[in-house]
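See structure below.
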Amino acid sequence: SGAGKTTLLDILSGRKAKNAGKTEGFLNYSNTNVSAVYVMQNDLHIPCFTVWETLIYASRLRIADKNGANGKKLRLKRIECLLSLMGLNSVRNTVIGSENNRGISGGEMKRLSIAVEILNLPSLICCDEPTSGLDSATALKVMKTIKNLSNLNLTIVITIHQPSPEIFDLFDKLLLLSEGKVVYFGPSKLASEYFSRLAKQLNLFVEDKSDENVADNIMSLISQSKMDSLNEIV
């Protein structure tokens, strides 16, 4: 916590207010017509709506209706595709629910939040801790769904706390931050080898945990007392 993950996500998605602190540098996208959406950590939906009604309501707000009946058909077709893609077909007629009224599960709620945000087919999706508050099995299911979206030529940036080994294996690229500084940025599969080599250069003690969570091993190394030396090299 406090490394700057959410702040970075706000900047990438264009949510950071111009008068909120100082931002240096510039954003360079390969596509100049980038449309970005932001999936917040907290899921905000109308409790009495069903999953289907939530998507219908959101589609009317997000998708321009310029073609009359054809526009309505487009919205319905897109909603059906999203229900299937996000694994929500089985709960399409289930209410969202609240603390007092049982509804869909936490994992289904998160997948619905993502579905709402991508109704207008953005090119960049930013997700702030999509696995927060979920058990390991549900978190993995949500992350696999997000991975499937990335296979549709969508760029997805997420922040995450303590990913399991199975979730870590789903990452393509990894950006590690510590106190606002970049500690590592590159292919996730090369991170373990990189930090093992770096630990030897800095004479840091590293236990042999090859069979354990790679993310935990890396975070343990970063948090050691010689972090200043690590920052200098990186």
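Residue numbers start at 1 in each chain; chains themselves are named A, B, ... in the order of the structure tokens; ligands are numbered from 1 in the order shown.
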
Based on DSSP run over this structure's backbone, return all residues of segment 27-137 of chain A in strand (DSSP E), as an MDAnalysis selection string.
chainID A and resid 36:39 124:128

Where in segment 130-198 of chain A does DSSP assign alpha helix (DSSP H), given as a ChimeraX atom specification?
/A:136-150,165-168,191-198

Could you pull the residues within 12 Å of Arg60 of chain A, counting only C-alpha atoms, minus those fewer than 5 positions along the same chain, as a VMD selection string?
chain A and resid 53 to 55 65 to 66 71 to 76 78 to 79 116 119 to 120

Contacts between segment 130-137 of chain A and segment 61-113 of chain A, please, where a residue of segment 61-113 of chain A counts if it comes within 10 Å (with only C-alpha atoms); show its shortest atom pair and distance in Å to one decimal, rows by chain and ascending number, as CSV.
residue,atom,partner,partner_atom,distance
A:Ser105,CA,A:Leu134,CA,9.7
A:Gly106,CA,A:Leu134,CA,6.7
A:Gly107,CA,A:Leu134,CA,6.9
A:Lys110,CA,A:Pro130,CA,6.9
A:Arg111,CA,A:Pro130,CA,8.9
A:Ser113,CA,A:Pro130,CA,9.6

Residues just named, written with C-alpha atoms as a CSV table (one decimal), in the first residue's frame:
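Saved file out03.csv follows:
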chain,number,residue,atom,x,y,z
A,105,SER,CA,-21.8,-13.2,-5.7
A,106,GLY,CA,-18.8,-11.0,-5.2
A,107,GLY,CA,-17.0,-12.4,-8.2
A,110,LYS,CA,-16.9,-7.7,-10.2
A,111,ARG,CA,-17.4,-9.2,-13.7
A,113,SER,CA,-18.7,-4.0,-13.2

Near segment 35-37 of chain A, within 8 Å and counting only C-alpha atoms, which residues show up once chain neighbours fewer than 6 positions away are dropped, as a VMD selection string?
chain A and resid 13 to 14 117 to 118 122 to 126

Quick one: residues within 12 Å of Asn89 of chain A, only C-alpha atoms counted, chain neighbours fewer than 2 positions away excluded, as a short mmCIF file (atom, residue, chain, number, x, y, z; two decimals) with C-alpha atoms, in the first residue's frame?
data_model
loop_
_atom_site.label_atom_id
_atom_site.label_comp_id
_atom_site.auth_asym_id
_atom_site.auth_seq_id
_atom_site.Cartn_x
_atom_site.Cartn_y
_atom_site.Cartn_z
CA THR A 50 -31.06 -7.66 -12.23
CA VAL A 51 -27.83 -8.25 -14.12
CA TRP A 52 -29.73 -7.89 -17.40
CA ILE A 79 -25.15 -7.22 -24.08
CA GLU A 80 -25.71 -10.86 -25.06
CA CYS A 81 -22.06 -11.13 -26.12
CA LEU A 82 -20.88 -9.63 -22.83
CA LEU A 83 -23.09 -11.92 -20.74
CA SER A 84 -21.49 -14.90 -22.43
CA LEU A 85 -17.94 -13.50 -22.39
CA MET A 86 -18.08 -12.53 -18.71
CA GLY A 87 -19.74 -15.78 -17.60
CA VAL A 91 -27.36 -15.05 -13.35
CA ARG A 92 -28.78 -12.69 -15.98
CA ASN A 93 -32.15 -12.55 -14.19
CA THR A 94 -30.73 -12.44 -10.66
CA ILE A 104 -25.17 -12.26 -7.06
CA GLU A 108 -20.11 -12.03 -10.41
CA ARG A 111 -17.39 -9.23 -13.66
CA LEU A 112 -20.58 -7.21 -14.05
#
